Amino acid sequence: MKPFFTFIAVAFLCMQSFSQDHPSSKVEYVEAKDLIERVEEYISKTIETEGKIVHVCGVDKKKMKLFVEGIGAINIIPEDADTAFDYNFNQKEIKVVGVVKEIRILRKRIEEMEENLDIPCSIDKEPCIDAAYKENKRNNGTLVESSNKGINRLKETMEETQKNYISIVTIVAKTVELKEN
C-alpha cells in the first residue's frame, strides 16, 4: 500500500509542476491601468495584458513601452536576453504574457544621473545607452538641456507620488503578439 501512496504523491507533484510551467495553464488577465495602479498586487505573477506600443528601443530592440492613457506606461522586456522585439510592434496594439516586476529608481540614482548629465531613457528611465545619441547632443550643445529636462521629469514624478523613488512597472515577456482586431 505504501508504494501506491508514494506513486500518487509523486504523480501529484509532477502534475503540479507541469501546471505551473505549462503555457496553457490559466494566466490572469489584468487591465494595463490596473497593473500600474496596483503593481504591488501583481509582482512576481504571470499575467496577460494588452495595449498600444508607443516606442521600441531603437538601439537594441530589447525594451518596449506600452502606453496607458492618462497614467503612464509599462516597460516590456524579453524573458530571453538574446531576444529582440520586432520593430513592427511600434504603434500597434499587442497582447503580452509575462511576469510582473517593479523596478525602483531611487532618488540617489537620479542624483548620480544628474551629475553625469545622463539622459533618462523614455522607457525604463535609466541612462540612455545610445552613445551616439548622447554624443550628438553634446556636439550640438543640447546635452545639458536634454539631461535636465529628463531628470526634472523624474523629480516631478517623485514629488507627485510623494515617494523617494520612481516606480517602473515592468513585464518580463514570455510572449508578445499583435492583437487581432
# chains A, B, ... in the order shown; residues from 1 in each chain; ligands from 1
call {"tool": "residues_around", "arguments": {"residues": "Ala131 (chain A)", "least_positions_apart": "6", "cutoff": "12 Å", "atoms": "only C-alpha atoms", "output": "MDAnalysis selection string"}}
result
chainID A and resid 59 118:119 137:138 143
call {"tool": "write_last_selection", "arguments": {"atoms": "N, CA and C atoms", "output": "CSV table (one decimal), in the first residue's frame"}}
result
chain,number,residue,atom,x,y,z
A,59,VAL,N,18.0,51.2,-30.2
A,59,VAL,CA,19.4,50.7,-30.1
A,59,VAL,C,19.5,49.2,-30.2
A,118,ASP,N,23.4,62.4,-17.6
A,118,ASP,CA,22.7,61.3,-18.3
A,118,ASP,C,21.3,61.8,-18.8
A,119,ILE,N,20.9,61.2,-19.9
A,119,ILE,CA,19.6,61.4,-20.4
A,119,ILE,C,18.7,60.2,-20.1
A,137,LYS,N,24.1,65.0,-28.9
A,137,LYS,CA,23.6,66.1,-28.0
A,137,LYS,C,24.7,67.0,-27.5
A,138,ARG,N,25.8,66.3,-27.1
A,138,ARG,CA,27.0,67.1,-26.6
A,138,ARG,C,27.5,68.0,-27.7
A,143,LEU,N,23.0,68.8,-24.8
A,143,LEU,CA,23.1,67.7,-23.8
A,143,LEU,C,22.6,68.1,-22.4
call {"tool": "residues_around", "arguments": {"residues": "region 41-46 of chain A", "least_positions_apart": "4", "cutoff": "9 Å", "atoms": "only C-alpha atoms", "output": "ChimeraX atom specification"}}
result
/A:27-28,35,97-102,171
call {"tool": "write_last_selection", "arguments": {"atoms": "C-alpha atoms", "output": "mmCIF file, in the first residue's frame"}}
result
data_model
loop_
_atom_site.group_PDB
_atom_site.id
_atom_site.type_symbol
_atom_site.label_atom_id
_atom_site.label_comp_id
_atom_site.auth_asym_id
_atom_site.auth_seq_id
_atom_site.Cartn_x
_atom_site.Cartn_y
_atom_site.Cartn_z
ATOM 1 C CA VAL A 27 -2.985 33.186 -16.790
ATOM 2 C CA GLU A 28 -4.795 36.074 -15.123
ATOM 3 C CA LEU A 35 -1.382 46.923 -13.326
ATOM 4 C CA VAL A 97 2.030 37.464 -21.298
ATOM 5 C CA GLY A 98 4.784 37.722 -18.729
ATOM 6 C CA VAL A 99 5.941 38.117 -15.160
ATOM 7 C CA VAL A 100 5.382 41.461 -13.434
ATOM 8 C CA LYS A 101 8.242 43.284 -11.753
ATOM 9 C CA GLU A 102 8.540 46.693 -10.231
ATOM 10 C CA ILE A 171 6.622 42.892 -17.674
#
call {"tool": "closest_residue", "arguments": {"among": "A:Lys26, A:Lys33, A:Lys95, A:Arg107", "to": "Lys52 (chain A)", "atoms": "only C-alpha atoms"}}
result
A:Lys95
call {"tool": "residues_around", "arguments": {"residues": "Lys61 (chain A)", "least_positions_apart": "6", "cutoff": "9 Å", "atoms": "only C-alpha atoms", "output": "list in words"}}
result
Thr83, Ala84, Phe85, Asp86 and Tyr87 of chain A
call {"tool": "select_by_dssp", "arguments": {"residues": "region 34-177 of chain A", "states": "strand (DSSP E or B)", "output": "MDAnalysis selection string"}}
result
chainID A and resid 43 46:56 64:68 72:78 93:106 120 127 165:177
call {"tool": "write_last_selection", "arguments": {"atoms": "N, CA and C atoms", "output": "compact mmCIF listing (two decimals), in the first residue's frame"}}
result
# COMPACT_ATOMS: atom_id res chain seq x y z
N ILE A 43 3.23 41.73 -8.46
CA ILE A 43 4.67 41.44 -8.53
C ILE A 43 4.91 39.94 -8.45
N THR A 46 2.48 35.84 -13.16
CA THR A 46 2.37 35.82 -14.60
C THR A 46 0.98 36.32 -14.97
N ILE A 47 0.95 37.35 -15.79
CA ILE A 47 -0.32 37.96 -16.18
C ILE A 47 -0.36 38.13 -17.70
N GLU A 48 -1.54 38.46 -18.19
CA GLU A 48 -1.71 38.85 -19.58
C GLU A 48 -2.32 40.24 -19.58
N THR A 49 -1.84 41.10 -20.45
CA THR A 49 -2.44 42.42 -20.63
C THR A 49 -2.30 42.80 -22.09
N GLU A 50 -2.88 43.93 -22.42
CA GLU A 50 -2.80 44.40 -23.80
C GLU A 50 -2.78 45.91 -23.84
N GLY A 51 -2.35 46.43 -24.97
CA GLY A 51 -2.30 47.87 -25.15
C GLY A 51 -1.49 48.23 -26.36
N LYS A 52 -1.30 49.54 -26.52
CA LYS A 52 -0.57 50.04 -27.69
C LYS A 52 0.89 50.29 -27.34
N ILE A 53 1.76 49.76 -28.17
CA ILE A 53 3.19 50.01 -28.03
C ILE A 53 3.47 51.37 -28.68
N VAL A 54 4.07 52.27 -27.91
CA VAL A 54 4.36 53.61 -28.43
C VAL A 54 5.86 53.83 -28.67
N HIS A 55 6.67 52.86 -28.28
CA HIS A 55 8.11 53.01 -28.53
C HIS A 55 8.79 51.64 -28.42
N VAL A 56 9.63 51.34 -29.39
CA VAL A 56 10.52 50.18 -29.33
C VAL A 56 11.93 50.75 -29.35
N MET A 64 10.34 47.81 -24.81
CA MET A 64 9.20 48.46 -25.46
C MET A 64 8.41 49.19 -24.38
N LYS A 65 7.67 50.21 -24.83
CA LYS A 65 6.84 50.97 -23.91
C LYS A 65 5.38 50.81 -24.32
N LEU A 66 4.58 50.25 -23.40
CA LEU A 66 3.15 50.09 -23.61
C LEU A 66 2.45 51.27 -22.96
N PHE A 67 1.76 52.07 -23.75
CA PHE A 67 1.12 53.30 -23.29
C PHE A 67 -0.17 52.99 -22.54
N VAL A 68 -0.37 53.69 -21.42
CA VAL A 68 -1.60 53.56 -20.64
C VAL A 68 -2.18 54.97 -20.50
N GLY A 72 0.44 56.58 -17.65
CA GLY A 72 1.86 56.40 -17.89
C GLY A 72 2.12 55.28 -18.87
N ALA A 73 3.07 54.43 -18.51
CA ALA A 73 3.48 53.37 -19.43
C ALA A 73 4.00 52.16 -18.65
N ILE A 74 4.03 51.04 -19.34
CA ILE A 74 4.58 49.80 -18.79
C ILE A 74 5.78 49.43 -19.65
N ASN A 75 6.88 49.13 -19.00
CA ASN A 75 8.11 48.70 -19.66
C ASN A 75 7.97 47.21 -19.96
N ILE A 76 8.27 46.80 -21.19
CA ILE A 76 8.24 45.39 -21.56
C ILE A 76 9.63 44.99 -22.01
N ILE A 77 10.15 43.94 -21.39
CA ILE A 77 11.46 43.42 -21.77
C ILE A 77 11.31 41.92 -22.05
N PRO A 78 12.16 41.34 -22.91
CA PRO A 78 12.02 39.92 -23.22
C PRO A 78 12.54 39.04 -22.09
N GLU A 93 -1.33 47.61 -31.50
CA GLU A 93 -1.95 47.00 -30.32
C GLU A 93 -1.39 45.59 -30.17
N ILE A 94 -0.96 45.26 -28.95
CA ILE A 94 -0.37 43.94 -28.70
C ILE A 94 -1.02 43.29 -27.49
N LYS A 95 -0.82 41.97 -27.39
CA LYS A 95 -1.13 41.21 -26.18
C LYS A 95 0.21 40.69 -25.68
N VAL A 96 0.42 40.77 -24.37
CA VAL A 96 1.67 40.30 -23.78
C VAL A 96 1.35 39.42 -22.59
N VAL A 97 2.10 38.34 -22.47
CA VAL A 97 2.03 37.46 -21.30
C VAL A 97 3.42 37.46 -20.69
N GLY A 98 3.48 37.71 -19.38
CA GLY A 98 4.78 37.72 -18.73
C GLY A 98 4.68 37.94 -17.24
N VAL A 99 5.84 37.97 -16.61
CA VAL A 99 5.94 38.12 -15.16
C VAL A 99 6.12 39.60 -14.82
N VAL A 100 5.37 40.06 -13.83
CA VAL A 100 5.38 41.46 -13.43
C VAL A 100 6.51 41.72 -12.44
N LYS A 101 7.21 42.81 -12.68
CA LYS A 101 8.24 43.28 -11.75
C LYS A 101 8.04 44.78 -11.57
N GLU A 102 8.49 45.26 -10.44
CA GLU A 102 8.54 46.69 -10.23
C GLU A 102 10.00 47.05 -10.05
N ILE A 103 10.49 47.92 -10.90
CA ILE A 103 11.86 48.40 -10.79
C ILE A 103 11.78 49.79 -10.18
N ARG A 104 12.55 50.00 -9.14
CA ARG A 104 12.55 51.30 -8.47
C ARG A 104 13.88 52.00 -8.71
N ILE A 105 13.76 53.23 -9.16
CA ILE A 105 14.94 54.07 -9.33
C ILE A 105 14.94 55.05 -8.17
N LEU A 106 15.90 54.86 -7.28
CA LEU A 106 15.97 55.66 -6.06
C LEU A 106 16.46 57.08 -6.33
N PRO A 120 17.71 60.32 -19.24
CA PRO A 120 16.89 59.15 -18.89
C PRO A 120 16.19 58.57 -20.11
N PRO A 127 19.84 55.63 -17.65
CA PRO A 127 20.54 56.42 -18.66
C PRO A 127 20.45 55.78 -20.05
N TYR A 165 11.41 57.42 -4.76
CA TYR A 165 11.83 56.61 -5.89
C TYR A 165 10.82 56.75 -7.04
N ILE A 166 11.25 56.32 -8.21
CA ILE A 166 10.38 56.23 -9.38
C ILE A 166 10.06 54.75 -9.55
N SER A 167 8.79 54.43 -9.71
CA SER A 167 8.36 53.06 -9.91
C SER A 167 8.20 52.79 -11.40
N ILE A 168 8.90 51.79 -11.89
CA ILE A 168 8.80 51.40 -13.29
C ILE A 168 8.14 50.02 -13.33
N VAL A 169 6.88 49.99 -13.76
CA VAL A 169 6.16 48.73 -13.88
C VAL A 169 6.71 48.03 -15.12
N THR A 170 7.15 46.79 -14.92
CA THR A 170 7.82 46.05 -15.97
C THR A 170 7.20 44.67 -16.14
N ILE A 171 7.05 44.26 -17.38
CA ILE A 171 6.62 42.89 -17.67
C ILE A 171 7.79 42.21 -18.37
N VAL A 172 8.24 41.10 -17.78
CA VAL A 172 9.26 40.27 -18.41
C VAL A 172 8.48 39.30 -19.30
N ALA A 173 8.49 39.59 -20.60
CA ALA A 173 7.58 38.95 -21.55
C ALA A 173 7.99 37.53 -21.93
N LYS A 174 7.02 36.63 -21.76
CA LYS A 174 7.17 35.27 -22.26
C LYS A 174 6.71 35.23 -23.72
N THR A 175 5.58 35.93 -24.01
CA THR A 175 5.06 36.03 -25.36
C THR A 175 4.54 37.44 -25.62
N VAL A 176 4.73 37.89 -26.83
CA VAL A 176 4.17 39.16 -27.30
C VAL A 176 3.65 38.89 -28.70
N GLU A 177 2.40 39.29 -28.92
CA GLU A 177 1.84 39.10 -30.26
C GLU A 177 0.93 40.27 -30.60
call {"tool": "select_by_dssp", "arguments": {"residues": "chain A", "states": "alpha helix (DSSP H)", "output": "JSON, numbers by chain"}}
result
{"A": [2, 3, 4, 5, 6, 7, 8, 9, 10, 11, 12, 13, 14, 15, 16, 17, 18, 19, 20, 21, 32, 33, 34, 35, 36, 37, 39, 40, 41, 42, 107, 108, 109, 110, 111, 112, 113, 114, 115, 131, 132, 133, 134, 135, 136, 137, 138, 139, 143, 144, 145, 146, 147, 148, 149, 150, 151, 152, 153, 154, 155, 156, 157, 158, 159, 160, 161]}
call {"tool": "write_last_selection", "arguments": {"atoms": "C-alpha atoms", "output": "mmCIF file, in the first residue's frame"}}
result
data_model
loop_
_atom_site.group_PDB
_atom_site.id
_atom_site.type_symbol
_atom_site.label_atom_id
_atom_site.label_comp_id
_atom_site.auth_asym_id
_atom_site.auth_seq_id
_atom_site.Cartn_x
_atom_site.Cartn_y
_atom_site.Cartn_z
ATOM 1 C CA LYS A 2 2.879 2.370 0.790
ATOM 2 C CA PRO A 3 4.360 2.212 -2.776
ATOM 3 C CA PHE A 4 0.921 3.110 -4.150
ATOM 4 C CA PHE A 5 0.727 6.270 -1.983
ATOM 5 C CA THR A 6 4.287 7.171 -2.945
ATOM 6 C CA PHE A 7 3.339 6.833 -6.612
ATOM 7 C CA ILE A 8 0.242 9.034 -6.129
ATOM 8 C CA ALA A 9 2.275 11.697 -4.262
ATOM 9 C CA VAL A 10 4.980 11.785 -6.948
ATOM 10 C CA ALA A 11 2.369 11.935 -9.730
ATOM 11 C CA PHE A 12 0.592 14.805 -7.955
ATOM 12 C CA LEU A 13 3.834 16.775 -7.552
ATOM 13 C CA CYS A 14 4.742 16.254 -11.209
ATOM 14 C CA MET A 15 1.299 17.434 -12.312
ATOM 15 C CA GLN A 16 1.553 20.445 -10.006
ATOM 16 C CA SER A 17 4.907 21.393 -11.516
ATOM 17 C CA PHE A 18 3.603 20.911 -15.060
ATOM 18 C CA SER A 19 0.521 23.021 -14.470
ATOM 19 C CA GLN A 20 2.598 25.923 -13.115
ATOM 20 C CA ASP A 21 5.052 25.993 -16.010
ATOM 21 C CA ALA A 32 -2.857 47.707 -18.022
ATOM 22 C CA LYS A 33 -4.317 50.596 -15.998
ATOM 23 C CA ASP A 34 -4.892 48.290 -13.005
ATOM 24 C CA LEU A 35 -1.382 46.923 -13.326
ATOM 25 C CA ILE A 36 0.110 50.400 -12.926
ATOM 26 C CA GLU A 37 -2.265 51.471 -10.164
ATOM 27 C CA VAL A 39 1.528 46.880 -9.172
ATOM 28 C CA GLU A 40 2.263 45.539 -5.673
ATOM 29 C CA GLU A 41 -0.618 43.022 -6.083
ATOM 30 C CA TYR A 42 0.918 41.528 -9.218
ATOM 31 C CA ARG A 107 16.500 59.385 -5.542
ATOM 32 C CA LYS A 108 20.248 58.759 -5.067
ATOM 33 C CA ARG A 109 20.441 57.111 -8.513
ATOM 34 C CA ILE A 110 18.637 60.086 -10.069
ATOM 35 C CA GLU A 111 21.124 62.457 -8.410
ATOM 36 C CA GLU A 112 24.015 60.418 -9.896
ATOM 37 C CA MET A 113 22.397 60.612 -13.318
ATOM 38 C CA GLU A 114 22.069 64.375 -12.918
ATOM 39 C CA GLU A 115 25.776 64.728 -12.051
ATOM 40 C CA ALA A 131 26.261 56.628 -27.040
ATOM 41 C CA ALA A 132 25.951 58.217 -30.494
ATOM 42 C CA TYR A 133 22.733 59.990 -29.447
ATOM 43 C CA LYS A 134 24.358 61.381 -26.314
ATOM 44 C CA GLU A 135 27.480 62.437 -28.234
ATOM 45 C CA ASN A 136 25.320 64.181 -30.828
ATOM 46 C CA LYS A 137 23.555 66.089 -28.016
ATOM 47 C CA ARG A 138 26.959 67.069 -26.604
ATOM 48 C CA ASN A 139 28.198 68.246 -30.008
ATOM 49 C CA LEU A 143 23.107 67.682 -23.767
ATOM 50 C CA VAL A 144 22.653 69.730 -20.578
ATOM 51 C CA GLU A 145 19.154 70.827 -21.618
ATOM 52 C CA SER A 146 18.097 67.266 -22.543
ATOM 53 C CA SER A 147 19.533 65.805 -19.359
ATOM 54 C CA ASN A 148 17.918 68.462 -17.152
ATOM 55 C CA LYS A 149 14.557 68.031 -18.866
ATOM 56 C CA GLY A 150 14.547 64.251 -18.268
ATOM 57 C CA ILE A 151 15.883 64.483 -14.718
ATOM 58 C CA ASN A 152 13.360 67.210 -13.815
ATOM 59 C CA ARG A 153 10.511 64.966 -15.024
ATOM 60 C CA LEU A 154 11.748 62.217 -12.707
ATOM 61 C CA LYS A 155 11.955 64.642 -9.788
ATOM 62 C CA GLU A 156 8.434 65.939 -10.534
ATOM 63 C CA THR A 157 7.116 62.377 -10.524
ATOM 64 C CA MET A 158 8.699 61.771 -7.114
ATOM 65 C CA GLU A 159 7.069 64.957 -5.838
ATOM 66 C CA GLU A 160 3.663 63.999 -7.232
ATOM 67 C CA THR A 161 3.801 60.476 -5.794
#
